[in-house]
file upload.csv (CSV, C-alpha atoms)
chain,number,residue,atom,x,y,z
B,1,MET,CA,142.1,-38.2,-29.2
B,2,ARG,CA,139.9,-36.1,-26.9
B,3,PRO,CA,136.5,-37.6,-25.7
B,4,LEU,CA,133.4,-36.2,-27.4
B,5,LYS,CA,131.6,-33.6,-25.3
B,6,LEU,CA,127.8,-33.2,-25.8
B,7,SER,CA,126.2,-29.9,-25.3
B,8,TRP,CA,123.7,-29.5,-22.5
B,9,THR,CA,120.9,-29.1,-25.1
B,10,LEU,CA,121.8,-32.4,-26.8
B,11,GLN,CA,122.1,-34.2,-23.4
B,12,ALA,CA,118.6,-32.9,-22.4
B,13,LEU,CA,117.2,-34.1,-25.7
B,14,ILE,CA,118.7,-37.6,-25.2
B,15,VAL,CA,117.2,-37.8,-21.7
B,16,LEU,CA,113.8,-36.7,-23.0
B,17,ALA,CA,113.9,-39.3,-25.8
B,18,GLY,CA,114.8,-42.0,-23.3
B,19,LEU,CA,111.9,-41.0,-21.0
B,20,LEU,CA,109.6,-41.0,-24.0
B,21,VAL,CA,110.6,-44.5,-25.0
B,22,LEU,CA,110.1,-45.6,-21.4
B,23,LEU,CA,106.7,-44.1,-21.3
B,24,ILE,CA,105.7,-45.8,-24.5
B,25,VAL,CA,106.9,-49.2,-23.1
B,26,LEU,CA,105.0,-48.7,-19.9
B,27,MET,CA,101.8,-47.6,-21.6
B,28,THR,CA,101.9,-50.3,-24.3
B,29,PHE,CA,102.7,-53.5,-22.4
B,30,GLU,CA,100.8,-55.2,-19.7
B,31,ARG,CA,102.4,-54.8,-16.3
B,32,PRO,CA,103.0,-58.2,-14.5
B,33,PRO,CA,101.8,-60.4,-13.1
B,34,VAL,CA,99.7,-61.9,-15.9
B,35,ARG,CA,98.1,-65.3,-15.6
B,36,SER,CA,96.9,-67.6,-18.4
B,37,SER,CA,94.9,-70.7,-18.6
B,38,GLN,CA,94.5,-73.1,-21.5
B,39,ASN,CA,91.0,-73.2,-23.1
B,40,GLY,CA,91.7,-75.0,-26.4
B,41,PHE,CA,93.9,-77.6,-28.0
B,42,ARG,CA,97.6,-77.5,-27.2
B,43,GLY,CA,99.7,-75.8,-29.9
B,44,THR,CA,96.9,-73.4,-31.0
B,45,ALA,CA,97.7,-70.6,-28.5
B,46,MET,CA,94.2,-70.7,-27.2
B,47,GLU,CA,94.6,-69.2,-23.8
B,48,HIS,CA,92.6,-67.0,-21.5
B,49,VAL,CA,94.9,-64.2,-20.1
B,50,VAL,CA,94.0,-62.5,-16.8
B,51,ASN,CA,95.7,-59.7,-15.0
B,52,PRO,CA,94.8,-60.2,-11.3
B,53,ARG,CA,94.9,-56.4,-10.6
B,54,LEU,CA,92.3,-55.8,-13.3
B,55,ALA,CA,90.3,-58.9,-12.4
B,56,THR,CA,89.8,-57.4,-8.9
B,57,GLN,CA,88.3,-54.3,-10.5
B,58,VAL,CA,85.9,-56.4,-12.7
B,59,VAL,CA,84.7,-58.3,-9.6
B,60,ALA,CA,84.0,-55.0,-7.8
B,61,ARG,CA,82.0,-53.7,-10.8
B,62,ASN,CA,79.9,-56.8,-11.0
B,63,GLN,CA,78.5,-57.1,-7.4
B,64,VAL,CA,74.8,-57.6,-7.1
B,65,PRO,CA,72.5,-56.1,-4.4
B,66,GLU,CA,70.9,-58.3,-1.9
B,67,ALA,CA,67.6,-59.7,-3.1
B,68,GLN,CA,64.4,-58.3,-1.7
B,69,PRO,CA,62.5,-60.8,0.6
B,70,PRO,CA,60.3,-63.1,-1.5
B,71,ALA,CA,56.6,-62.4,-2.0
B,72,ASP,CA,53.7,-64.8,-2.5
B,73,GLY,CA,51.7,-64.9,-5.7
B,74,PRO,CA,48.0,-63.8,-6.0
B,75,VAL,CA,45.6,-65.9,-3.9
B,76,ASP,CA,42.7,-64.9,-6.2
B,77,ALA,CA,41.8,-62.4,-8.9
B,78,ASN,CA,41.0,-59.7,-6.3
B,79,ASP,CA,44.6,-59.9,-5.1
B,80,LYS,CA,46.1,-59.0,-8.4
B,81,ALA,CA,47.8,-55.6,-8.9
B,82,SER,CA,45.5,-54.9,-11.8
B,83,ALA,CA,42.5,-55.2,-9.5
B,84,ILE,CA,44.0,-53.1,-6.7
B,85,TYR,CA,45.7,-50.2,-8.6
B,86,GLU,CA,44.7,-48.1,-11.5
B,87,ASN,CA,46.6,-48.1,-14.9
B,88,VAL,CA,48.8,-51.1,-14.2
B,89,GLN,CA,49.6,-52.3,-17.7
B,90,VAL,CA,52.6,-54.7,-17.6
B,91,LEU,CA,52.6,-56.1,-14.0
B,92,GLY,CA,48.9,-56.6,-13.6
B,93,GLU,CA,49.2,-60.4,-13.0
B,94,LEU,CA,51.3,-60.0,-9.9
B,95,SER,CA,49.9,-60.1,-6.4
B,96,ASN,CA,50.0,-56.9,-4.4
B,97,ALA,CA,53.0,-58.2,-2.5
B,98,GLN,CA,54.9,-59.2,-5.7
B,99,PHE,CA,54.0,-55.8,-7.3
B,100,LEU,CA,55.4,-53.8,-4.4
B,101,ARG,CA,58.5,-56.0,-4.3
B,102,VAL,CA,59.3,-55.3,-7.9
B,103,MET,CA,58.7,-51.5,-7.4
B,104,VAL,CA,61.2,-51.5,-4.5
B,105,ALA,CA,63.7,-53.5,-6.5
B,106,MET,CA,63.4,-51.3,-9.6
B,107,THR,CA,63.9,-48.2,-7.4
B,108,GLU,CA,67.2,-49.7,-6.1
B,109,TRP,CA,68.3,-50.9,-9.6
B,110,ILE,CA,67.6,-47.6,-11.5
B,111,VAL,CA,67.0,-44.5,-9.4
B,112,PRO,CA,70.2,-42.7,-8.3
B,113,LYS,CA,71.2,-43.1,-4.7
B,114,ALA,CA,71.0,-39.4,-3.9
B,115,VAL,CA,67.3,-39.4,-5.1
B,116,ARG,CA,66.5,-42.5,-3.0
B,117,ASP,CA,68.3,-41.1,0.0
B,118,ALA,CA,66.2,-38.0,-0.3
B,119,GLY,CA,63.0,-40.1,-0.1
B,120,ASN,CA,62.0,-39.4,-3.8
B,121,GLY,CA,62.5,-42.8,-5.2
B,122,CYS,CA,58.8,-43.4,-6.2
B,123,ALA,CA,58.6,-39.9,-7.6
B,124,TYR,CA,61.3,-40.8,-10.2
B,125,CYS,CA,58.5,-42.5,-12.2
B,126,HIS,CA,55.3,-41.4,-10.5
B,127,ASN,CA,53.4,-38.2,-9.7
B,128,PRO,CA,53.1,-38.7,-5.9
B,129,GLU,CA,49.7,-36.9,-6.0
B,130,ASN,CA,48.3,-39.3,-8.6
B,131,MET,CA,50.3,-42.5,-8.9
B,132,ALA,CA,48.1,-43.7,-11.8
B,133,SER,CA,49.1,-40.8,-14.0
B,134,ASP,CA,51.5,-41.3,-16.9
B,135,GLU,CA,52.8,-37.7,-16.9
B,136,VAL,CA,56.3,-38.6,-15.7
B,137,TYR,CA,58.0,-39.8,-18.9
B,138,THR,CA,60.2,-42.4,-17.0
B,139,LYS,CA,57.0,-44.4,-16.2
B,140,GLY,CA,56.3,-45.1,-19.8
B,141,VAL,CA,59.9,-45.9,-20.5
B,142,SER,CA,60.0,-48.3,-17.6
B,143,ARG,CA,57.0,-50.2,-19.0
B,144,ARG,CA,58.9,-50.7,-22.3
B,145,MET,CA,62.1,-51.7,-20.5
B,146,LEU,CA,60.2,-54.3,-18.4
B,147,GLN,CA,58.7,-55.7,-21.7
B,148,MET,CA,62.2,-55.7,-23.1
B,149,THR,CA,63.5,-57.7,-20.1
B,150,ARG,CA,60.7,-60.2,-20.5
B,151,THR,CA,61.5,-60.6,-24.2
B,152,ILE,CA,65.2,-61.2,-23.5
B,153,ASN,CA,64.4,-63.8,-20.9
B,154,ALA,CA,61.7,-65.5,-22.9
B,155,ASP,CA,63.0,-65.4,-26.5
B,156,TRP,CA,66.8,-65.2,-26.2
B,157,SER,CA,67.7,-68.1,-23.9
B,158,ASN,CA,70.3,-69.2,-26.4
B,159,HIS,CA,72.3,-66.2,-25.2
B,160,VAL,CA,71.2,-65.5,-21.6
B,161,GLY,CA,70.4,-69.2,-20.7
B,162,GLN,CA,68.5,-69.7,-17.5
B,163,THR,CA,70.5,-67.0,-15.7
B,164,GLY,CA,68.4,-64.3,-17.4
B,165,VAL,CA,68.6,-60.5,-16.9
B,166,THR,CA,66.9,-57.9,-14.7
B,167,CYS,CA,67.0,-54.1,-14.9
B,168,TYR,CA,70.1,-54.2,-12.7
B,169,THR,CA,72.0,-56.2,-15.3
B,170,CYS,CA,72.4,-53.0,-17.4
B,171,HIS,CA,71.6,-50.1,-15.0
B,172,ARG,CA,73.6,-51.0,-11.9
B,173,GLY,CA,71.9,-48.3,-9.9
B,174,GLN,CA,72.1,-45.6,-12.6
B,175,PRO,CA,69.3,-44.1,-14.7
B,176,VAL,CA,71.5,-44.5,-17.8
B,177,PRO,CA,73.7,-47.6,-18.1
B,178,ALA,CA,77.4,-46.8,-18.1
B,179,ALA,CA,78.2,-48.4,-21.5
B,180,VAL,CA,75.9,-47.0,-24.3
B,181,TRP,CA,76.3,-45.7,-27.8
B,182,ALA,CA,74.7,-43.5,-30.4
B,183,THR,CA,75.2,-43.4,-34.2
B,184,ASN,CA,78.2,-41.3,-35.1
B,185,GLN,CA,78.4,-39.6,-31.7
B,186,PRO,CA,82.0,-38.4,-31.8
B,187,ASN,CA,82.2,-35.6,-34.4
B,188,ARG,CA,85.7,-34.1,-34.2
B,189,ALA,CA,87.1,-31.8,-36.8
B,190,GLY,CA,84.3,-32.6,-39.2
B,191,LEU,CA,85.7,-36.0,-39.9
B,192,VAL,CA,82.4,-37.8,-39.5
B,193,GLY,CA,80.1,-37.7,-42.5
B,194,PRO,CA,78.1,-39.8,-44.9
B,195,HIS,CA,81.3,-41.0,-46.7
B,196,ALA,CA,83.7,-41.1,-43.7
B,197,LEU,CA,84.6,-44.2,-41.8
B,198,GLY,CA,85.3,-42.4,-38.6
B,199,GLN,CA,88.8,-43.8,-38.2
B,200,ASN,CA,91.7,-42.5,-36.0
B,201,LEU,CA,89.2,-41.1,-33.5
B,202,ALA,CA,90.3,-42.7,-30.3
B,203,THR,CA,87.2,-43.8,-28.3
B,204,PRO,CA,87.0,-46.2,-25.3
B,205,GLN,CA,84.3,-48.3,-27.1
B,206,ILE,CA,87.0,-49.8,-29.4
B,207,ASN,CA,89.8,-49.6,-26.9
B,208,ASN,CA,91.2,-46.4,-28.3
B,209,SER,CA,92.3,-48.1,-31.5
B,210,SER,CA,92.5,-46.5,-34.9
B,211,LEU,CA,89.7,-48.7,-36.2
B,212,PRO,CA,86.2,-47.2,-37.1
B,213,PHE,CA,84.7,-46.0,-33.8
B,214,ASP,CA,81.1,-46.9,-34.7
B,215,PRO,CA,80.9,-50.6,-35.7
B,216,PHE,CA,77.6,-50.7,-33.8
B,217,THR,CA,75.3,-48.9,-36.3
B,218,PRO,CA,76.0,-51.5,-39.1
B,219,PHE,CA,76.0,-54.5,-36.8
B,220,LEU,CA,74.0,-53.8,-33.7
B,221,LEU,CA,71.3,-51.8,-35.4
B,222,GLY,CA,71.6,-52.8,-39.0
B,223,ASP,CA,72.0,-56.3,-40.2
B,224,GLN,CA,75.3,-56.0,-42.1
B,225,ASP,CA,77.2,-59.2,-42.5
B,226,ILE,CA,80.0,-59.6,-40.0
B,227,ARG,CA,83.0,-60.9,-41.9
B,228,ASN,CA,86.6,-60.0,-42.8
B,229,ILE,CA,87.1,-62.6,-45.6
B,230,SER,CA,85.2,-62.3,-48.8
B,231,PRO,CA,83.0,-65.3,-49.7
B,232,THR,CA,83.8,-64.9,-53.4
B,233,TRP,CA,86.7,-63.8,-55.7
B,234,GLN,CA,84.5,-62.8,-58.6
B,235,PRO,CA,84.5,-59.1,-59.5
B,236,GLY,CA,81.2,-57.3,-59.1
B,237,GLN,CA,79.8,-60.0,-56.7
B,238,ASN,CA,82.0,-59.1,-53.7
B,239,THR,CA,79.9,-56.8,-51.5
B,240,ASP,CA,82.2,-57.4,-48.4
B,241,ASP,CA,84.9,-54.8,-48.9
B,242,VAL,CA,87.7,-53.5,-46.7
B,243,ARG,CA,85.3,-51.2,-44.9
B,244,ILE,CA,83.3,-54.2,-43.7
B,245,ALA,CA,86.5,-55.9,-42.6
B,246,GLU,CA,87.5,-52.8,-40.6
B,247,TRP,CA,84.0,-52.6,-39.0
B,248,THR,CA,84.3,-56.3,-38.1
B,249,TYR,CA,87.7,-55.9,-36.4
B,250,ALA,CA,86.4,-52.8,-34.5
B,251,LEU,CA,83.4,-54.9,-33.3
B,252,MET,CA,85.6,-57.8,-32.3
B,253,VAL,CA,87.9,-55.4,-30.3
B,254,HIS,CA,84.8,-54.1,-28.5
B,255,MET,CA,83.6,-57.5,-27.7
B,256,SER,CA,86.9,-58.6,-26.4
B,257,GLN,CA,87.2,-55.6,-24.2
B,258,GLY,CA,83.5,-55.6,-23.1
B,259,LEU,CA,83.7,-59.3,-22.1
B,260,GLY,CA,87.3,-59.2,-20.7
B,261,VAL,CA,88.4,-62.1,-23.0
B,262,ASN,CA,90.8,-62.9,-25.8
B,263,CYS,CA,89.9,-63.5,-29.4
B,264,THR,CA,90.4,-67.2,-28.7
B,265,PHE,CA,87.5,-67.2,-26.3
B,266,CYS,CA,85.3,-67.6,-29.3
B,267,HIS,CA,87.7,-68.5,-32.1
B,268,ASN,CA,90.1,-71.3,-32.8
B,269,SER,CA,93.4,-69.5,-33.5
B,270,ARG,CA,94.4,-72.0,-36.3
B,271,ALA,CA,91.1,-71.3,-38.3
B,272,PHE,CA,89.4,-68.2,-37.1
B,273,ALA,CA,86.6,-68.4,-39.7
B,274,SER,CA,85.8,-72.0,-39.2
B,275,TRP,CA,82.6,-72.6,-37.2
B,276,GLU,CA,83.3,-76.3,-37.0
B,277,GLN,CA,86.5,-75.7,-35.1
B,278,SER,CA,85.3,-72.8,-32.9
B,279,PRO,CA,84.5,-73.1,-29.2
B,280,PRO,CA,80.7,-73.1,-28.2
B,281,GLN,CA,81.1,-69.5,-27.0
B,282,ARG,CA,81.1,-68.3,-30.6
B,283,LEU,CA,77.5,-69.5,-31.1
B,284,THR,CA,76.5,-67.8,-27.8
B,285,ALA,CA,78.1,-64.6,-29.1
B,286,TRP,CA,76.3,-65.0,-32.4
B,287,HIS,CA,72.9,-65.0,-30.6
B,288,GLY,CA,74.1,-62.1,-28.4
B,289,ILE,CA,74.8,-59.9,-31.4
B,290,ARG,CA,71.3,-60.6,-32.8
B,291,MET,CA,69.7,-60.1,-29.4
B,292,ALA,CA,71.4,-56.6,-29.1
B,293,ARG,CA,70.2,-55.8,-32.6
B,294,ALA,CA,66.6,-56.8,-31.7
B,295,VAL,CA,66.7,-54.8,-28.4
B,296,ASN,CA,68.0,-51.7,-30.1
B,297,ARG,CA,65.5,-51.9,-33.0
B,298,ASP,CA,62.4,-52.9,-31.2
B,299,TYR,CA,62.7,-51.2,-27.8
B,300,VAL,CA,65.4,-48.6,-27.5
B,301,GLU,CA,65.4,-46.8,-30.9
B,302,PRO,CA,61.5,-46.3,-30.9
B,303,LEU,CA,61.9,-44.3,-27.6
B,304,SER,CA,64.1,-41.7,-29.3
B,305,PRO,CA,61.3,-39.1,-29.5
B,306,VAL,CA,60.6,-39.5,-25.8
B,307,PHE,CA,64.3,-39.2,-24.8
B,308,LEU,CA,64.8,-36.3,-27.2
B,309,ALA,CA,62.0,-34.4,-25.5
B,310,ASN,CA,63.5,-35.2,-22.1
B,311,ARG,CA,67.2,-35.2,-23.1
B,312,GLN,CA,68.3,-33.6,-19.8
B,313,GLY,CA,66.7,-36.5,-17.8
B,314,HIS,CA,64.5,-36.4,-14.8
B,315,PRO,CA,64.3,-33.1,-12.8
B,316,ASP,CA,65.5,-34.8,-9.6
B,317,ALA,CA,68.4,-36.5,-11.4
B,318,PRO,CA,69.5,-34.4,-14.4
B,319,HIS,CA,71.7,-36.2,-16.8
B,320,PRO,CA,72.7,-34.8,-20.2
B,321,LEU,CA,73.1,-38.2,-21.9
B,322,ARG,CA,69.7,-39.4,-23.1
B,323,VAL,CA,70.3,-39.1,-26.9
B,324,GLY,CA,73.3,-38.9,-29.2
B,325,ALA,CA,74.4,-36.0,-31.4
B,326,ASN,CA,71.9,-37.0,-34.1
B,327,GLY,CA,69.0,-37.2,-31.6
B,328,ASP,CA,68.8,-41.0,-31.5
B,329,ALA,CA,68.4,-42.8,-28.2
B,330,LEU,CA,71.5,-44.2,-26.5
B,331,LYS,CA,71.6,-47.9,-27.3
B,332,VAL,CA,73.1,-51.1,-26.0
B,333,ASN,CA,76.2,-53.0,-26.9
B,334,CYS,CA,78.0,-56.0,-25.4
B,335,ALA,CA,79.6,-53.9,-22.6
B,336,THR,CA,76.2,-52.6,-21.5
B,337,CYS,CA,75.5,-55.9,-19.8
B,338,HIS,CA,78.9,-57.6,-19.5
B,339,ALA,CA,80.9,-54.7,-18.0
B,340,GLY,CA,84.2,-56.5,-18.5
B,341,ALA,CA,83.0,-60.0,-17.4
B,342,ASN,CA,82.3,-62.8,-19.8
B,343,ARG,CA,79.2,-63.5,-17.8
B,344,PRO,CA,77.3,-60.4,-16.7
B,345,LEU,CA,77.4,-59.9,-12.9
B,346,LEU,CA,79.7,-63.0,-12.9
B,347,GLY,CA,76.8,-65.2,-13.6
B,348,ALA,CA,74.6,-64.2,-10.7
B,349,PRO,CA,71.1,-65.7,-11.4
B,350,MET,CA,69.2,-62.6,-10.5
B,351,LEU,CA,66.1,-63.7,-12.6
B,352,ARG,CA,65.8,-66.7,-10.2
B,353,ASP,CA,65.4,-64.3,-7.4
B,354,TYR,CA,62.8,-62.2,-9.2
B,355,PRO,CA,60.4,-64.7,-10.9
B,356,GLU,CA,57.9,-61.8,-11.1
B,357,LEU,CA,59.7,-60.6,-14.2
B,358,ASN,CA,58.5,-63.8,-16.0
B,359,LEU,CA,54.9,-62.5,-15.6
B,360,VAL,CA,55.4,-59.2,-17.4
B,361,THR,CA,52.8,-58.9,-20.2
B,362,ARG,CA,54.0,-57.9,-23.7
B,363,ASN,CA,50.6,-56.6,-24.8
B,364,PRO,CA,50.5,-53.2,-26.6
B,365,LEU,CA,50.6,-50.3,-24.1
B,366,ARG,CA,47.6,-48.0,-23.7
B,367,THR,CA,48.2,-44.3,-24.0
B,368,SER,CA,46.6,-41.5,-22.0
B,369,GLU,CA,46.2,-37.8,-22.2
B,370,ALA,CA,48.9,-37.4,-19.7
B,371,ALA,CA,51.4,-39.5,-21.7
B,372,PRO,CA,54.9,-38.1,-21.9
B,373,THR,CA,55.9,-35.8,-24.7
B,374,GLY,CA,57.3,-37.6,-27.7
B,375,GLY,CA,54.5,-39.8,-28.9
B,376,PRO,CA,52.8,-43.0,-27.8
B,377,LEU,CA,54.7,-45.9,-26.6
B,378,ARG,CA,53.5,-49.0,-28.4
B,379,ASN,CA,54.8,-52.4,-29.5
call {"tool": "encode", "arguments": {"input": "upload.csv", "output": "structure tokens"}}
result
Amino acid sequence: MRPLKLSWTLQALIVLAGLLVLLIVLMTFERPPVRSSQNGFRGTAMEHVVNPRLATQVVARNQVPEAQPPADGPVDANDKASAIYENVQVLGELSNAQFLRVMVAMTEWIVPKAVRDAGNGCAYCHNPENMASDEVYTKGVSRRMLQMTRTINADWSNHVGQTGVTCYTCHRGQPVPAAVWATNQPNRAGLVGPHALGQNLATPQINNSSLPFDPFTPFLLGDQDIRNISPTWQPGQNTDDVRIAEWTYALMVHMSQGLGVNCTFCHNSRAFASWEQSPPQRLTAWHGIRMARAVNRDYVEPLSPVFLANRQGHPDAPHPLRVGANGDALKVNCATCHAGANRPLLGAPMLRDYPELNLVTRNPLRTSEAAPTGGPLRN
């Protein structure tokens, strides 16, 4: 019996198939080493898994700039910024030294390095010939963002604790944070529409899974219930259908990726739905979801007309991403602040270094004839 001889074509196909299988294995499984630590009861598989190679990248992404030298508060009313400068609306209670300190810090936190190096940092928000003017649209936006920061630190301590947030928490030296989203932004092959779920459109926000790519509109802008188990069996009374479950799983994938954690960071693996058996991080995440929803509704989304009118960004730092495909402002999700770390900036207490942010007023903003195109900016 003579041995079977394979044609060159068949041999080539076998080799290609083997290479394809090897590629799938390499792209699908985590390359060692992988370390795990127990964060729940034994036998419940509640472990935190970390890849040291990726952890190094997370640490590099979450470095904080050196704090500006501290400044003294106002000695008397005449030393306040509102008494020294014109049209100071949200930082008026600061002393002159505190006011200038915050201006320098915000320039470092938000203005692109190339603009700062060219000596145009102040001009990113101000007309250098008339610093009191509101004609540069980024000045009005900055006021609202300062008020948003104050609201987060004052009203959402159940999520941010005493660590708090600053402009740098999201911006990291960029005019637009790296992780943002817009409603139904991907629109490939006409698959996104009023009745489409937007599945099988691989996007990094949901770790390139086949789940719906936009779980943020229902949960981080709307107030849709987040659940994957129906609360009732009765026909006609079950409003939580498969679509809600798929949105929920997509949001959970995003949160896991955005915080660099496993599902068991917030859930007990033996009873995922049980609040009584969940770690305390689940309640922190519950507040975080509602905080992101409030930020998007009250501060970011109302700025859509301004961003739409300036969608290419500042002339000194053009950036095409100011609004989504539907003209809505780019909004925040969990990754916007966390950037792959379960504590933004690895827990660096930047608010402690900038107590001036606790003095930002949340009063309605005044408008002027030189206000940026897109309508008034009000509470």
call {"tool": "closest_residue", "arguments": {"input": "upload.csv", "among": "B:Asp223, B:Glu108, B:Glu246, B:Glu86", "to": "Asp134 in chain B", "atoms": "only C-alpha atoms"}}
result
B:Glu86
call {"tool": "atom_distance", "arguments": {"input": "upload.csv", "atom1": "CA of Arg343 in chain B", "atom2": "CA of Gln257 in chain B"}}
result
12.9 Å
call {"tool": "closest_residue", "arguments": {"input": "upload.csv", "among": "B:Gly340, B:Gly222, B:Gly173, B:Pro231", "to": "Ala292 in chain B", "atoms": "only C-alpha atoms"}}
result
B:Gly222
call {"tool": "residues_around", "arguments": {"input": "upload.csv", "residues": "Leu54 in chain B", "least_positions_apart": "2", "cutoff": "12 Å", "atoms": "only C-alpha atoms", "output": "PyMOL selection string"}}
result
chain B and resi 30-35+49-52+56-61+260+340-341
call {"tool": "closest_residue", "arguments": {"input": "upload.csv", "among": "B:Gln63, B:Gln147, B:Asn39, B:Asn96", "to": "Asn363 in chain B", "atoms": "only C-alpha atoms"}}
result
B:Gln147
call {"tool": "residues_near_point", "arguments": {"input": "upload.csv", "point": "(58.2, -57.9, -17.5)", "cutoff": "7 Å", "atoms": "all atoms listed in the file", "output": "short mmCIF file (atom, residue, chain, number, x, y, z; two decimals) with C-alpha atoms, keeping the file's coordinate frame"}}
result
data_model
loop_
_atom_site.label_atom_id
_atom_site.label_comp_id
_atom_site.auth_asym_id
_atom_site.auth_seq_id
_atom_site.Cartn_x
_atom_site.Cartn_y
_atom_site.Cartn_z
CA VAL B 90 52.60 -54.70 -17.60
CA LEU B 91 52.60 -56.10 -14.00
CA LEU B 146 60.20 -54.30 -18.40
CA GLN B 147 58.70 -55.70 -21.70
CA THR B 149 63.50 -57.70 -20.10
CA ARG B 150 60.70 -60.20 -20.50
CA LEU B 357 59.70 -60.60 -14.20
CA ASN B 358 58.50 -63.80 -16.00
CA LEU B 359 54.90 -62.50 -15.60
CA VAL B 360 55.40 -59.20 -17.40
CA THR B 361 52.80 -58.90 -20.20
#
call {"tool": "atom_distance", "arguments": {"input": "upload.csv", "atom1": "CA of Leu251 in chain B", "atom2": "CA of Gln281 in chain B"}}
result
16.1 Å
